[in-house]
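> For reference, the file my_file_38.cif (mmCIF, C-alpha atoms) is included below:
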```
data_data
loop_
_atom_site.label_atom_id
_atom_site.label_comp_id
_atom_site.auth_asym_id
_atom_site.auth_seq_id
_atom_site.Cartn_x
_atom_site.Cartn_y
_atom_site.Cartn_z
CA MET I 1 89.92 28.74 49.78
CA GLU I 2 92.21 25.94 50.85
CA THR I 3 92.35 22.82 48.70
CA ARG I 4 91.66 20.46 51.64
CA GLN I 5 88.54 22.42 52.60
CA LEU I 6 87.17 22.29 49.03
CA GLN I 7 87.80 18.58 48.78
CA ASP I 8 86.16 17.90 52.16
CA GLU I 9 83.10 19.97 51.19
CA LEU I 10 82.80 18.12 47.90
CA THR I 11 82.88 14.78 49.71
CA ASP I 12 80.45 15.82 52.48
CA SER I 13 77.87 17.56 50.28
CA ALA I 14 77.81 15.23 47.30
CA ASN I 15 78.62 11.91 48.98
CA ILE I 16 79.64 10.39 45.69
CA GLU I 17 81.89 7.40 45.36
CA ARG I 18 84.89 9.30 44.16
CA GLY I 19 84.94 11.29 47.40
CA ALA I 20 87.25 8.79 49.07
CA GLY I 21 89.75 9.19 46.27
CA LEU I 22 89.62 12.97 46.52
CA LYS I 23 90.12 12.82 50.28
CA SER I 24 93.24 10.74 49.89
CA ILE I 25 94.58 13.36 47.50
CA ALA I 26 93.89 16.04 50.07
CA ASN I 27 95.86 14.16 52.73
CA ALA I 28 98.88 13.77 50.46
CA PRO I 29 101.89 16.04 50.98
CA ARG I 30 101.39 19.41 49.30
CA VAL I 31 104.27 19.45 46.89
CA LEU I 32 102.53 21.06 43.89
CA PRO I 33 103.56 24.57 42.85
CA HIS I 34 101.28 27.39 43.87
CA GLY I 35 99.83 27.80 40.35
CA ASP I 36 98.95 24.12 40.16
CA ASN I 37 97.08 24.38 43.49
CA GLU I 38 94.93 27.21 42.15
CA ARG I 39 94.16 25.30 38.96
CA MET I 40 93.19 22.25 40.97
CA GLU I 41 90.97 24.39 43.22
CA GLN I 42 89.21 25.85 40.17
CA ALA I 43 88.78 22.37 38.66
CA LEU I 44 87.27 21.10 41.89
CA ILE I 45 84.89 24.06 42.06
CA ARG I 46 83.76 23.45 38.47
CA ALA I 47 83.34 19.73 39.17
CA LEU I 48 81.24 20.49 42.24
CA GLN I 49 79.11 23.00 40.35
CA GLU I 50 78.59 20.63 37.42
CA TRP I 51 77.68 17.77 39.74
CA GLU I 52 75.20 19.91 41.70
CA ALA I 53 73.66 21.27 38.50
CA THR I 54 73.22 17.75 37.11
CA PHE I 55 71.93 16.41 40.43
CA ASN I 56 69.32 19.16 40.68
CA ALA I 57 68.36 19.13 37.01
CA THR I 58 67.11 15.55 37.27
CA ARG I 59 63.31 15.43 37.27
CA ASP I 60 63.11 12.33 39.45
CA PRO I 61 63.57 12.74 43.21
CA ILE I 62 67.04 11.51 44.22
CA MET I 63 68.23 11.11 47.81
CA LEU I 64 71.55 9.95 49.22
CA VAL I 65 70.71 7.83 52.25
CA ASP I 66 73.09 6.51 54.93
CA LYS I 67 73.04 3.00 56.36
CA GLU I 68 70.55 4.12 59.02
CA PHE I 69 68.22 5.21 56.21
CA LYS I 70 68.67 8.92 57.00
CA ILE I 71 68.84 11.42 54.17
CA VAL I 72 72.24 13.10 53.83
CA GLN I 73 71.60 14.83 50.51
CA ALA I 74 68.60 15.41 48.20
CA ASN I 75 67.95 17.21 44.94
CA TYR I 76 65.36 19.86 44.18
CA ALA I 77 62.96 17.25 42.76
CA ALA I 78 62.99 15.42 46.11
CA SER I 79 62.23 18.66 47.95
CA ARG I 80 59.29 19.34 45.62
CA PHE I 81 57.99 15.78 45.86
CA LEU I 82 58.16 15.75 49.68
CA GLY I 83 56.81 19.29 49.91
CA LYS I 84 59.49 20.31 52.41
CA PRO I 85 62.59 22.55 52.34
CA PHE I 86 66.01 20.96 52.60
CA GLY I 87 66.28 21.94 56.27
CA GLN I 88 63.35 19.62 57.05
CA ILE I 89 64.68 16.78 54.88
CA LEU I 90 68.36 16.33 55.60
CA GLY I 91 69.06 14.09 58.54
CA LYS I 92 65.51 12.75 58.61
CA SER I 93 64.47 9.14 58.10
CA VAL I 94 63.41 8.50 54.52
CA HIS I 95 60.67 6.15 55.80
CA GLY I 96 59.32 8.79 58.14
CA LEU I 97 59.13 11.41 55.39
CA LEU I 98 57.73 9.18 52.67
CA TYR I 99 55.67 6.60 54.49
CA GLU I 100 55.24 8.09 57.99
CA THR I 101 56.81 5.04 59.64
CA THR I 102 60.12 4.26 61.29
CA ILE I 103 60.18 0.65 60.14
CA PRO I 104 60.84 -0.10 56.46
CA SER I 105 58.35 -2.35 54.68
CA GLU I 106 59.33 -5.83 53.53
CA ASN I 107 59.59 -4.73 49.91
CA CYS I 108 61.52 -1.55 50.68
CA PRO I 109 64.38 -1.35 48.15
CA LEU I 110 66.67 0.29 50.77
CA LYS I 111 66.18 -2.58 53.17
CA MET I 112 66.68 -5.18 50.43
CA ALA I 113 69.76 -3.42 49.02
CA GLY I 114 71.25 -3.36 52.53
CA GLN I 115 70.81 -7.13 52.69
CA THR I 116 71.90 -8.05 49.16
CA ASN I 117 74.48 -5.28 48.52
CA ARG I 118 73.11 -4.82 45.00
CA HIS I 119 70.52 -2.85 43.06
CA GLU I 120 66.94 -3.37 44.26
CA ASP I 121 63.67 -1.83 43.13
CA ALA I 122 59.96 -2.05 43.87
CA GLU I 123 56.64 -0.32 43.31
CA ILE I 124 55.29 1.10 46.56
CA TYR I 125 51.92 2.56 47.47
CA ILE I 126 51.86 5.57 49.84
CA PRO I 127 48.37 5.60 51.40
CA GLN I 128 48.83 8.96 53.14
CA THR I 129 49.00 10.74 49.79
CA ASP I 130 47.26 8.10 47.63
CA THR I 131 50.44 7.93 45.57
CA TRP I 132 52.31 5.15 43.80
CA VAL I 133 56.08 5.38 43.36
CA ALA I 134 58.66 3.24 41.59
CA ALA I 135 61.62 3.24 44.02
CA SER I 136 65.15 1.94 43.49
CA ALA I 137 68.18 1.73 45.79
CA ASP I 138 71.82 1.25 44.80
CA PRO I 139 74.59 0.74 47.37
CA VAL I 140 77.72 2.91 46.95
CA LYS I 141 80.97 1.29 48.09
CA ASP I 142 84.03 2.82 49.66
CA ASP I 143 87.63 1.82 48.96
CA ASP I 144 87.23 -1.21 51.24
CA HIS I 145 84.13 -2.31 49.29
CA ASP I 146 81.88 -1.58 52.24
CA THR I 147 78.59 0.21 51.68
CA SER I 148 78.95 3.92 52.51
CA TYR I 149 75.47 5.04 51.54
CA PHE I 150 72.63 4.36 49.11
CA VAL I 151 71.40 6.26 46.08
CA TYR I 152 67.62 6.23 46.46
CA ILE I 153 65.58 7.27 43.40
CA ILE I 154 61.81 7.46 43.27
CA ARG I 155 59.44 8.18 40.41
CA ASP I 156 55.78 9.09 40.70
CA ILE I 157 53.85 6.40 38.78
CA THR I 158 50.42 7.18 40.21
CA TYR I 159 48.92 8.00 36.82
CA ARG I 160 50.14 4.72 35.30
CA LYS I 161 49.07 2.58 38.26
CA LYS I 162 45.61 4.13 38.37
CA ALA I 163 45.31 3.68 34.63
CA GLU I 164 46.29 0.01 35.10
CA GLN I 165 43.72 -0.36 37.88
CA THR I 166 41.06 1.26 35.72
CA LEU I 167 41.99 -0.99 32.80
CA ALA I 168 41.94 -4.06 35.06
CA GLN I 169 38.48 -3.09 36.31
CA LEU I 170 37.28 -2.49 32.75
CA ASN I 171 38.68 -5.86 31.69
CA SER I 172 36.97 -7.51 34.64
CA ASP I 173 33.67 -5.82 33.76
CA LEU I 174 34.14 -6.74 30.11
CA HIS I 175 34.85 -10.36 31.04
CA LYS I 176 31.66 -10.50 33.09
CA THR I 177 29.69 -8.87 30.26
CA VAL I 178 31.13 -11.33 27.73
CA GLU I 179 30.19 -14.24 29.99
CA LYS I 180 26.65 -12.89 30.26
CA LEU I 181 26.46 -12.41 26.48
CA GLN I 182 27.79 -15.90 25.85
CA LYS I 183 25.21 -17.31 28.21
CA SER I 184 22.47 -15.25 26.56
CA ASN I 185 23.63 -16.31 23.09
CA GLN I 186 23.65 -19.94 24.13
CA GLU I 187 20.16 -19.59 25.53
CA LEU I 188 19.02 -17.89 22.31
CA ARG I 189 20.58 -20.63 20.15
CA SER I 190 18.92 -23.31 22.26
CA PHE I 191 15.65 -21.39 22.07
CA ALA I 192 15.99 -21.07 18.28
CA HIS I 193 16.51 -24.81 17.87
CA VAL I 194 13.59 -25.65 20.13
CA ILE I 195 11.29 -23.18 18.36
CA ALA I 196 12.49 -24.42 14.96
CA HIS I 197 11.68 -27.99 15.87
CA ASP I 198 8.29 -27.05 17.34
CA LEU I 199 7.40 -24.92 14.29
CA LYS I 200 8.60 -27.29 11.58
CA SER I 201 6.60 -30.23 12.91
CA PRO I 202 3.17 -28.59 12.35
CA LEU I 203 4.43 -27.07 9.10
CA ARG I 204 5.25 -30.48 7.76
CA GLY I 205 1.80 -31.62 8.83
CA ILE I 206 0.14 -28.72 7.04
CA GLY I 207 2.14 -29.34 3.87
CA SER I 208 1.38 -33.05 3.90
CA LEU I 209 -2.32 -32.42 4.49
CA ALA I 210 -2.48 -29.90 1.62
CA SER I 211 -0.75 -32.35 -0.74
CA ARG I 212 -3.17 -35.13 0.23
CA LEU I 213 -6.14 -32.86 -0.36
CA ILE I 214 -4.92 -32.07 -3.86
CA ARG I 215 -4.28 -35.73 -4.69
CA LYS I 216 -7.49 -37.09 -3.16
CA TYR I 217 -9.95 -34.34 -4.04
CA ASN I 218 -8.42 -32.96 -7.21
CA ASP I 219 -11.49 -33.93 -9.24
CA LYS I 220 -13.79 -32.23 -6.74
CA LEU I 221 -11.86 -28.95 -6.46
CA ASP I 222 -12.31 -26.10 -8.87
CA ASP I 223 -9.26 -24.34 -10.28
CA GLU I 224 -9.28 -21.67 -7.61
CA GLY I 225 -9.42 -24.22 -4.78
CA ALA I 226 -6.53 -26.23 -6.26
CA ASP I 227 -4.49 -23.04 -6.74
CA GLN I 228 -5.09 -22.04 -3.14
CA LEU I 229 -3.90 -25.41 -1.88
CA ARG I 230 -0.80 -25.24 -4.09
CA LEU I 231 -0.12 -21.72 -2.79
CA LEU I 232 -0.47 -23.06 0.75
CA ILE I 233 2.19 -25.71 0.04
CA VAL I 234 4.51 -23.04 -1.39
CA ARG I 235 4.04 -20.84 1.66
CA VAL I 236 4.70 -23.79 3.98
CA LYS I 237 7.94 -24.53 2.15
CA ARG I 238 8.94 -20.88 2.35
CA MET I 239 8.31 -20.88 6.09
CA GLY I 240 10.46 -23.98 6.42
CA ASP I 241 13.21 -22.24 4.44
CA PHE I 242 12.92 -19.23 6.75
CA ILE I 243 13.42 -21.40 9.80
CA ASP I 244 16.37 -23.25 8.24
CA GLY I 245 17.97 -19.94 7.25
CA ILE I 246 17.64 -18.51 10.74
CA LEU I 247 19.24 -21.64 12.22
CA ARG I 248 22.14 -21.48 9.74
CA TYR I 249 22.64 -17.80 10.51
CA SER I 250 22.62 -18.38 14.28
CA GLU I 251 25.24 -21.14 14.00
CA ILE I 252 27.84 -19.05 12.14
CA GLY I 253 30.82 -18.38 14.40
CA HIS I 254 29.55 -20.70 17.14
CA TYR I 255 29.75 -24.15 15.64
CA VAL I 256 33.25 -24.37 14.17
CA GLU I 257 34.43 -27.27 12.06
CA GLU I 258 38.08 -28.09 11.52
CA GLN I 259 39.75 -25.89 8.93
CA GLN I 260 41.15 -27.63 5.88
CA ALA I 261 42.62 -26.88 2.47
CA VAL I 262 39.64 -26.39 0.15
CA ASP I 263 40.09 -26.59 -3.63
CA ILE I 264 37.68 -23.93 -4.87
CA ASN I 265 37.42 -25.44 -8.37
CA ALA I 266 36.35 -28.78 -6.91
CA LEU I 267 33.99 -27.08 -4.46
CA LEU I 268 32.28 -25.11 -7.23
CA ALA I 269 31.93 -28.23 -9.38
CA GLU I 270 30.10 -29.86 -6.46
CA ILE I 271 27.85 -26.83 -5.92
CA ILE I 272 26.96 -26.50 -9.61
CA GLY I 273 26.17 -30.22 -9.73
CA GLU I 274 23.70 -29.74 -6.87
CA THR I 275 22.10 -26.61 -8.37
CA THR I 276 19.08 -26.78 -10.64
CA VAL I 277 20.14 -24.90 -13.75
CA SER I 278 17.96 -24.40 -16.83
CA GLU I 279 19.26 -25.01 -20.33
CA HIS I 280 19.43 -21.31 -21.16
CA LEU I 281 21.85 -20.62 -18.27
CA GLU I 282 25.64 -20.98 -18.50
CA ILE I 283 27.95 -20.99 -15.44
CA VAL I 284 31.58 -20.22 -16.27
CA VAL I 285 34.27 -20.88 -13.63
CA SER I 286 37.88 -19.77 -13.95
CA LYS I 287 40.29 -22.69 -14.10
CA ASP I 288 42.94 -21.17 -11.86
CA LEU I 289 40.97 -20.64 -8.66
CA PRO I 290 43.09 -21.05 -5.49
CA THR I 291 43.05 -23.54 -2.67
CA VAL I 292 41.93 -21.79 0.52
CA ARG I 293 42.32 -22.95 4.11
CA CYS I 294 38.96 -22.58 5.83
CA GLU I 295 35.87 -24.40 7.06
CA ARG I 296 34.60 -26.16 3.95
CA LEU I 297 30.91 -26.00 4.91
CA ARG I 298 31.02 -22.23 5.51
CA LEU I 299 32.74 -21.50 2.19
CA LYS I 300 30.26 -23.78 0.44
CA GLN I 301 27.41 -21.77 1.97
CA VAL I 302 28.95 -18.54 0.62
CA PHE I 303 29.19 -19.77 -2.97
CA GLN I 304 25.85 -21.59 -2.82
CA ASN I 305 24.04 -18.45 -1.75
CA LEU I 306 25.77 -16.19 -4.28
CA ILE I 307 25.21 -18.57 -7.20
CA SER I 308 21.58 -19.37 -6.28
CA ASN I 309 20.97 -15.63 -5.84
CA ALA I 310 22.34 -15.01 -9.35
CA VAL I 311 20.19 -17.81 -10.80
CA LYS I 312 17.03 -16.30 -9.27
CA TYR I 313 17.50 -12.86 -10.77
CA ILE I 314 18.58 -13.64 -14.33
CA ASP I 315 15.91 -12.27 -16.64
CA LYS I 316 17.60 -12.69 -20.03
CA PRO I 317 16.79 -15.35 -22.66
CA LYS I 318 20.37 -16.55 -22.28
CA GLY I 319 21.82 -16.19 -18.82
CA LYS I 320 25.45 -16.29 -17.79
CA ILE I 321 27.12 -16.52 -14.38
CA SER I 322 30.90 -16.13 -14.04
CA VAL I 323 33.10 -16.98 -11.04
CA ALA I 324 36.65 -15.64 -10.84
CA CYS I 325 39.37 -14.72 -8.35
CA VAL I 326 42.40 -12.42 -8.15
CA GLU I 327 45.07 -11.91 -5.50
CA GLU I 328 45.00 -8.45 -3.93
CA ASN I 329 46.89 -7.02 -0.91
CA GLY I 330 47.22 -10.32 0.95
CA PHE I 331 43.62 -11.36 0.20
CA TRP I 332 41.87 -13.55 -2.33
CA LYS I 333 39.19 -11.43 -4.01
CA PHE I 334 36.42 -13.61 -5.45
CA SER I 335 33.70 -12.39 -7.79
CA VAL I 336 30.38 -13.90 -8.86
CA SER I 337 28.92 -12.02 -11.84
CA ASP I 338 25.60 -12.38 -13.63
CA ASN I 339 23.73 -10.70 -16.46
CA GLY I 340 20.49 -10.48 -14.52
CA CYS I 341 18.15 -7.62 -13.76
CA GLY I 342 20.70 -5.66 -11.72
CA ILE I 343 20.35 -3.62 -8.53
CA LYS I 344 19.95 0.10 -8.05
CA GLU I 345 22.78 1.68 -6.06
CA GLN I 346 20.53 2.86 -3.21
CA TYR I 347 19.80 -0.80 -2.40
CA TYR I 348 23.45 -1.98 -2.20
CA GLY I 349 23.37 -1.97 1.60
CA LYS I 350 19.79 -3.14 2.03
CA ILE I 351 20.28 -6.47 0.24
CA PHE I 352 22.73 -7.63 2.95
CA GLU I 353 20.22 -6.99 5.74
CA ILE I 354 18.32 -10.00 7.03
CA PHE I 355 14.87 -10.70 5.51
CA GLN I 356 15.31 -7.92 2.91
CA THR I 357 14.33 -8.65 -0.71
CA LEU I 358 13.97 -6.27 -3.65
CA VAL I 359 11.10 -8.08 -5.35
CA PRO I 360 7.98 -9.77 -3.90
CA ARG I 361 8.80 -13.15 -2.40
CA ASP I 362 6.08 -14.86 -4.40
CA LYS I 363 8.06 -14.07 -7.56
CA THR I 364 11.43 -15.41 -6.43
CA GLU I 365 10.67 -17.50 -3.32
CA SER I 366 13.54 -15.73 -1.57
CA THR I 367 13.82 -15.70 2.22
CA GLY I 368 16.08 -12.64 2.32
CA ILE I 369 18.62 -14.50 4.49
CA GLY I 370 21.14 -15.81 1.94
CA LEU I 371 23.20 -12.64 1.45
CA THR I 372 23.08 -11.96 5.19
CA ILE I 373 24.66 -15.37 5.78
CA VAL I 374 27.31 -14.61 3.14
CA LYS I 375 28.17 -11.32 4.84
CA LYS I 376 28.42 -12.85 8.31
CA ILE I 377 30.63 -15.77 7.18
CA VAL I 378 32.99 -13.55 5.17
CA GLU I 379 33.35 -11.00 7.97
CA THR I 380 33.93 -13.81 10.49
CA TYR I 381 37.00 -14.73 8.42
CA GLY I 382 38.24 -11.13 8.37
CA GLY I 383 37.09 -10.34 4.83
CA LYS I 384 34.40 -8.09 3.39
CA VAL I 385 31.63 -8.38 0.81
CA TRP I 386 30.13 -5.81 -1.53
CA VAL I 387 28.28 -5.49 -4.85
CA THR I 388 28.49 -3.43 -8.01
CA SER I 389 25.63 -3.41 -10.48
CA VAL I 390 24.10 -1.82 -13.53
CA PRO I 391 20.29 -2.06 -13.54
CA GLY I 392 19.11 -4.03 -16.56
CA THR I 393 22.62 -5.32 -17.29
CA GLY I 394 23.72 -7.40 -14.31
CA SER I 395 25.52 -7.51 -10.98
CA THR I 396 28.87 -8.59 -9.58
CA PHE I 397 29.22 -9.68 -5.98
CA PHE I 398 32.73 -9.49 -4.54
CA PHE I 399 34.08 -10.97 -1.33
CA THR I 400 37.57 -11.27 0.11
CA LEU I 401 39.28 -13.89 2.26
CA PRO I 402 42.74 -13.48 3.84
CA LYS I 403 45.33 -15.69 2.15
CA LYS I 404 46.73 -16.79 5.54
CA GLY I 405 43.34 -17.95 6.81
CA ARG I 406 41.64 -16.98 10.02
#
```
Do you think you could lay out the structure here as structure tokens?


Amino acid sequence: METRQLQDELTDSANIERGAGLKSIANAPRVLPHGDNERMEQALIRALQEWEATFNATRDPIMLVDKEFKIVQANYAASRFLGKPFGQILGKSVHGLLYETTIPSENCPLKMAGQTNRHEDAEIYIPQTDTWVAASADPVKDDDHDTSYFVYIIRDITYRKKAEQTLAQLNSDLHKTVEKLQKSNQELRSFAHVIAHDLKSPLRGIGSLASRLIRKYNDKLDDEGADQLRLLIVRVKRMGDFIDGILRYSEIGHYVEEQQAVDINALLAEIIGETTVSEHLEIVVSKDLPTVRCERLRLKQVFQNLISNAVKYIDKPKGKISVACVEENGFWKFSVSDNGCGIKEQYYGKIFEIFQTLVPRDKTESTGIGLTIVKKIVETYGGKVWVTSVPGTGSTFFFTLPKKGR
């Protein structure tokens, strides 16, 4: 095969930028020895074969398109994507084959690359096949820096685009659901406050009336009657505590105060000063407790509930409550220990459920809300709460708070 013919075929079939340089070599005077011509022919054949193998091994459809947007060369991937043999592709308009139109769209990379003489790309929807493609066009220059043709590459991105559309729809649905939940939660909080106000007013009246009856008619009541009135006052107070607990629980995570640096030692000193503690009970607080950035009221509620819970269940002649803290894996791990009656392991989960108590309420006057509030506050901050206990010996409640705050 003649050298000029091989070079011309390489230029015509591949249409790559170096074709112009090869053509100029072919037009040069043939002054090389015969052996050199054969070596050059073999090198050109290998170059052509390597280029074709690489071109066709590419998984993305690649087309070489002239300035009239007609396909002059395509790889196997393009033939598979278009579903047509090469004879029905070459020489045809790329817009006609891909989009069934003779006029390129405004965002067509070929059209834009023809105007800007630089790389252009876009994502295009093909309605005929319900397909999305990522298309790019790069102009190829000749020796005079004029555009000879374009390298047009497309990639099927239908799966990604449909996944994005599905995700967008899910996000939209989720947003609507969240809005509905927020509205429902707001309505429930408003309802809770209204009901609390409406319930506490008659409760206060009942309590006041019972107290007046005891004071005014104490000498006319027998022991059983006086006891019943005192029990009524206790039950009224418990109902009021129930209502207050429900309101506190409903506000967690919705009414947010400004976070601040809270000295835990100072906070505990305040809580202990406000807690009614008998002479036989000792509360020991570690001296090296950290300063934590959080909402002060919420953290105060956590310690108040844990300490008051410990006070209620101490059954020893000499009680002891200990508060400590250690640093662990980026968290502060606090502990509140007591030497009370303890908790059986099968109840570890139950005690954190709302309104759950392990002993009759008349014995402890517990609402069963305190530990539920502790759990909700701690988890709102990204921590966790749990208990270990030995029945008859005592319990230790642990909770964690992230050192970096919420």

> With distances taken over all atoms listed in the file, which of I:Lys384, I:Arg238, I:Arg39, I:Lys70 is nearest to Leu98 in chain I?

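The shortest atom-to-atom distance to Leu98 in chain I comes from I:Lys70.
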
> Which polymer residues have any atom within 7 Å of an atom of range 269-282 of chain I, counting all atoms listed in the file, with same-chain residues fewer than 6 positions away left out, as a ChimeraX atom specification?

/I:304,317-321

> What separation in Å, quoted to one decimal, exists between CA of His95 in chain I and CA of Val65 in chain I?

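So the answer is 10.8 Å.
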
> One decimal, Å: what's the distance from CA of Lys375 in chain I over to CA of Phe398 in chain I, could you say?

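Calculated distance between CA of Lys375 in chain I and CA of Phe398 in chain I is 10.6 Å.
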
> For the file shown, report as a JSON list (two decimals) with C-alpha atoms, in the frame of the given file the outcome of the PyMOL selection byres ((chain I and resi 371) around 8) at residue level.


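Now in selection-v1.json:
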```json
[["chain", "number", "residue", "atom", "x", "y", "z"],
["I", 305, "ASN", "CA", 24.04, -18.45, -1.75],
["I", 306, "LEU", "CA", 25.77, -16.19, -4.28],
["I", 351, "ILE", "CA", 20.28, -6.47, 0.24],
["I", 352, "PHE", "CA", 22.73, -7.63, 2.95],
["I", 353, "GLU", "CA", 20.22, -6.99, 5.74],
["I", 354, "ILE", "CA", 18.32, -10.00, 7.03],
["I", 368, "GLY", "CA", 16.08, -12.64, 2.32],
["I", 369, "ILE", "CA", 18.62, -14.50, 4.49],
["I", 370, "GLY", "CA", 21.14, -15.81, 1.94],
["I", 372, "THR", "CA", 23.08, -11.96, 5.19],
["I", 373, "ILE", "CA", 24.66, -15.37, 5.78],
["I", 374, "VAL", "CA", 27.31, -14.61, 3.14],
["I", 375, "LYS", "CA", 28.17, -11.32, 4.84]]
```

> Do a neighbour search on Leu268 in chain I at 8 Å with all atoms listed in the file, toss out local chain neighbours closer than 4 positions, and write the hits as a list in words.

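Selected residues are Ile264, Ile272, Val285 and Phe303 of chain I.
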
> Taking only residues of range 290-350 of chain I that have an atom at most 12 Å from an atom of range 376-380 of chain I, what is each one's shortest atom pair and its distance in Å to one decimal, using only C-alpha atoms, in chain and number order, as JSON lines?


```
{"residue": "I:Cys294", "atom": "CA", "partner": "I:Ile377", "partner_atom": "CA", "distance": 10.8}
{"residue": "I:Glu295", "atom": "CA", "partner": "I:Ile377", "partner_atom": "CA", "distance": 10.1}
{"residue": "I:Arg296", "atom": "CA", "partner": "I:Ile377", "partner_atom": "CA", "distance": 11.6}
{"residue": "I:Leu297", "atom": "CA", "partner": "I:Ile377", "partner_atom": "CA", "distance": 10.5}
{"residue": "I:Arg298", "atom": "CA", "partner": "I:Ile377", "partner_atom": "CA", "distance": 6.7}
{"residue": "I:Leu299", "atom": "CA", "partner": "I:Ile377", "partner_atom": "CA", "distance": 7.9}
{"residue": "I:Lys300", "atom": "CA", "partner": "I:Ile377", "partner_atom": "CA", "distance": 10.5}
{"residue": "I:Gln301", "atom": "CA", "partner": "I:Ile377", "partner_atom": "CA", "distance": 8.6}
{"residue": "I:Val302", "atom": "CA", "partner": "I:Ile377", "partner_atom": "CA", "distance": 7.3}
{"residue": "I:Phe303", "atom": "CA", "partner": "I:Val378", "partner_atom": "CA", "distance": 10.9}
{"residue": "I:Asn305", "atom": "CA", "partner": "I:Ile377", "partner_atom": "CA", "distance": 11.4}
{"residue": "I:Phe331", "atom": "CA", "partner": "I:Val378", "partner_atom": "CA", "distance": 11.9}
{"residue": "I:Trp332", "atom": "CA", "partner": "I:Val378", "partner_atom": "CA", "distance": 11.6}
{"residue": "I:Lys333", "atom": "CA", "partner": "I:Val378", "partner_atom": "CA", "distance": 11.3}
{"residue": "I:Phe334", "atom": "CA", "partner": "I:Val378", "partner_atom": "CA", "distance": 11.2}
```

> Wanna dump the range 126-161 of chain I-range 111-116 of chain I contacts at 12 Å for me, each residue with its shortest atom pair and the distance in Å to one decimal, counting all atoms listed in the file, ordered by chain and number, as CSV?


```
residue,atom,partner,partner_atom,distance
I:Ala135,CA,I:Ala113,CA,11.6
I:Ser136,CA,I:Ala113,CA,9.0
I:Ala137,CA,I:Ala113,CA,6.3
I:Asp138,CA,I:Ala113,CA,6.6
I:Pro139,CA,I:Ala113,CA,6.6
I:Val140,CA,I:Ala113,CA,10.4
I:Lys141,CA,I:Gly114,CA,11.7
I:Asp146,CA,I:Gly114,CA,10.8
I:Thr147,CA,I:Gly114,CA,8.2
I:Ser148,CA,I:Gly114,CA,10.6
I:Tyr149,CA,I:Gly114,CA,9.5
I:Phe150,CA,I:Ala113,CA,8.3
I:Val151,CA,I:Ala113,CA,10.2
I:Tyr152,CA,I:Ala113,CA,10.2
```

> Would you pick out the contacts of Gly342 in chain I at 10 Å or less, using only C-alpha atoms, so that residues sharing its chain but fewer than 2 positions from it are not included, and give the list as a VMD selection string?

chain I and resid 310 313 to 315 338 to 340 344 to 345 388 to 396

> Taking C-alpha atoms for each residue, export the selection above as a CSV table (one decimal), keeping the file's coordinate frame.


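Listing of part-v9.csv after writing:
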```
chain,number,residue,atom,x,y,z
I,310,ALA,CA,22.3,-15.0,-9.4
I,313,TYR,CA,17.5,-12.9,-10.8
I,314,ILE,CA,18.6,-13.6,-14.3
I,315,ASP,CA,15.9,-12.3,-16.6
I,338,ASP,CA,25.6,-12.4,-13.6
I,339,ASN,CA,23.7,-10.7,-16.5
I,340,GLY,CA,20.5,-10.5,-14.5
I,344,LYS,CA,20.0,0.1,-8.0
I,345,GLU,CA,22.8,1.7,-6.1
I,388,THR,CA,28.5,-3.4,-8.0
I,389,SER,CA,25.6,-3.4,-10.5
I,390,VAL,CA,24.1,-1.8,-13.5
I,391,PRO,CA,20.3,-2.1,-13.5
I,392,GLY,CA,19.1,-4.0,-16.6
I,393,THR,CA,22.6,-5.3,-17.3
I,394,GLY,CA,23.7,-7.4,-14.3
I,395,SER,CA,25.5,-7.5,-11.0
I,396,THR,CA,28.9,-8.6,-9.6
```

> Just give me the gap between CA of Cys108 in chain I and CA of Leu90 in chain I in Å, one decimal is fine.

19.8 Å

> From the set I:Tyr217, I:Trp51, I:Cys341, I:Gly330, which residue has the shortest atom-to-atom contact distance to Lys312 in chain I, counting all atoms listed in the file?

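The shortest atom-to-atom distance to Lys312 in chain I comes from I:Cys341.
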
> Which is closest to Leu289 in chain I among I:Ser79, I:Ser308, I:Ser335, I:Ser201, if we use only C-alpha atoms?

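Of the candidates, the smallest distance to Leu289 in chain I is held by I:Ser335.
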
> Run through the PyMOL selection byres ((chain I and resi 287) around 10) on the given coordinates and return the selected residues as a list in words.

Ile264, Asn265, Val284, Val285, Ser286, Asp288, Leu289, Pro290, Val323, Ala324 and Cys325 of chain I
